[in-house]
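Peer 1: Dropping a structure here in structure tokens format, bear with me for questions.
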Amino acid sequence: MDPTKEQLEKTVDIYRDTWVRFLGYANEVGEAFRALVPVSLVWGSYAVATAYVTADAVDKGKKAAVAHGDNPGRTTKVAVAVVDTFVWQALASVIIPGFTINRVCAASLYLLGRTTRWPLPIRKWTTTAIGLSTIPFIITPIDRSVDYLLDSSLRKVYGDEEKHK
């Protein structure tokens, strides 16, 4: 293994190994609070999550550029790293979890309205608590599902050796 690859493996990935990773969950938190806050704040949470996804994809592209040096096909390897990371993160961190939390919260608010006599503010706070408590349970299944989806589709185009890391 050459020193460049060793250094890349030993360095801390700020987008995966630090608190910055939690920025990818901003939209899920925004969706959980949708019943309580202005919609502009929910959209702001999507902006934060999308910025995280974009920054991670750019970072993986830079790392791929360093790892492949001046080798032939470098541009392709960098493009694959960026596209794979961006698509994976967009699906696993923004689109699918955002939709899931949105629907869990909408369903819980509706069901609480039909089955309880709680005042609306209590129902909204309960819906938010349900949405927030759902987040840890959906992460792993969504990540695995997105891996399967990309392994079955996009990654077949460029080969498994360049998988999202």
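Letters for chains follow the order of the structure tokens (A, B, ...), residue numbers begin at 1 for each chain, and ligand numbers begin at 1 in the order shown.
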Would you give me, as an MDAnalysis selection string, the residues in segment 2-141 of chain A that DSSP reads as alpha helix (DSSP H)?
Peer 2: chainID A and resid 3:10 26:32 39:68 74:89 96:115 120:141
Peer 1: Excluding segment 58-62 of chain A and any residue of its chain fewer than 2 positions from it, enumerate the residues within 7 Å of it, using only C-alpha atoms, and give them as a list of chain:residue names.
Peer 2: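 Once the adjacent positions are removed, what remains is A:Thr54, A:Ala55, A:Asp56, A:Ala64, A:Ala65, A:Val66, A:Val78, A:Ala79, A:Ala81, A:Val82.
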Peer 1: Emit the selected residues as an mmCIF file, in the first residue's frame, including N, CA and C atoms.
Peer 2:
```cif
data_model
loop_
_atom_site.group_PDB
_atom_site.id
_atom_site.type_symbol
_atom_site.label_atom_id
_atom_site.label_comp_id
_atom_site.auth_asym_id
_atom_site.auth_seq_id
_atom_site.Cartn_x
_atom_site.Cartn_y
_atom_site.Cartn_z
ATOM 1 N N THR A 54 -23.624 17.690 -0.063
ATOM 2 C CA THR A 54 -22.759 18.258 -1.099
ATOM 3 C C THR A 54 -21.316 18.344 -0.625
ATOM 4 N N ALA A 55 -21.104 18.793 0.595
ATOM 5 C CA ALA A 55 -19.743 18.905 1.131
ATOM 6 C C ALA A 55 -19.082 17.533 1.235
ATOM 7 N N ASP A 56 -19.835 16.526 1.655
ATOM 8 C CA ASP A 56 -19.281 15.173 1.745
ATOM 9 C C ASP A 56 -18.906 14.656 0.361
ATOM 10 N N ALA A 64 -10.478 11.138 -3.737
ATOM 11 C CA ALA A 64 -10.263 10.259 -4.892
ATOM 12 C C ALA A 64 -9.217 10.855 -5.824
ATOM 13 N N ALA A 65 -9.223 12.157 -5.984
ATOM 14 C CA ALA A 65 -8.235 12.825 -6.840
ATOM 15 C C ALA A 65 -6.830 12.617 -6.290
ATOM 16 N N VAL A 66 -6.678 12.746 -4.983
ATOM 17 C CA VAL A 66 -5.362 12.530 -4.362
ATOM 18 C C VAL A 66 -4.955 11.061 -4.482
ATOM 19 N N VAL A 78 -12.734 10.131 -9.985
ATOM 20 C CA VAL A 78 -13.196 11.253 -9.164
ATOM 21 C C VAL A 78 -14.693 11.462 -9.374
ATOM 22 N N ALA A 79 -15.130 11.436 -10.609
ATOM 23 C CA ALA A 79 -16.560 11.619 -10.910
ATOM 24 C C ALA A 79 -17.395 10.525 -10.263
ATOM 25 N N ALA A 81 -16.629 8.794 -7.570
ATOM 26 C CA ALA A 81 -16.633 9.024 -6.123
ATOM 27 C C ALA A 81 -17.641 10.103 -5.743
ATOM 28 N N VAL A 82 -17.663 11.194 -6.506
ATOM 29 C CA VAL A 82 -18.580 12.294 -6.213
ATOM 30 C C VAL A 82 -20.025 11.870 -6.436
#
```
Peer 1: Atom CA of Thr127 of chain A to atom CA of Arg144 of chain A: how many Å, to one decimal?
Peer 2: 26.4 Å
Peer 1: Grab the atom CA of Gly69 of chain A to atom CA of Thr11 of chain A distance for me, in Å with one decimal place.
Peer 2: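 Atom CA of Gly69 of chain A sits 17.9 Å away from atom CA of Thr11 of chain A.
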Peer 1: When you count only C-alpha atoms, which of these residues is closest to Val157 of chain A: A:Val83, A:Cys105, A:Leu91, A:Ile130?
Peer 2: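 Closest residue, counting only C-alpha atoms: A:Val83.
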Peer 1: With only C-alpha atoms as the atoms that count, which of A:Pro72, A:Pro97, A:Gly24, A:Pro38 lies nearest to Gly131 of chain A?
Peer 2: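 Closest candidate: A:Pro97.
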Peer 1: Would you work out the distance separating atom CA of Ile139 of chain A from atom CA of Tyr110 of chain A, expressed in Å to one decimal?
Peer 2: 24.1 Å
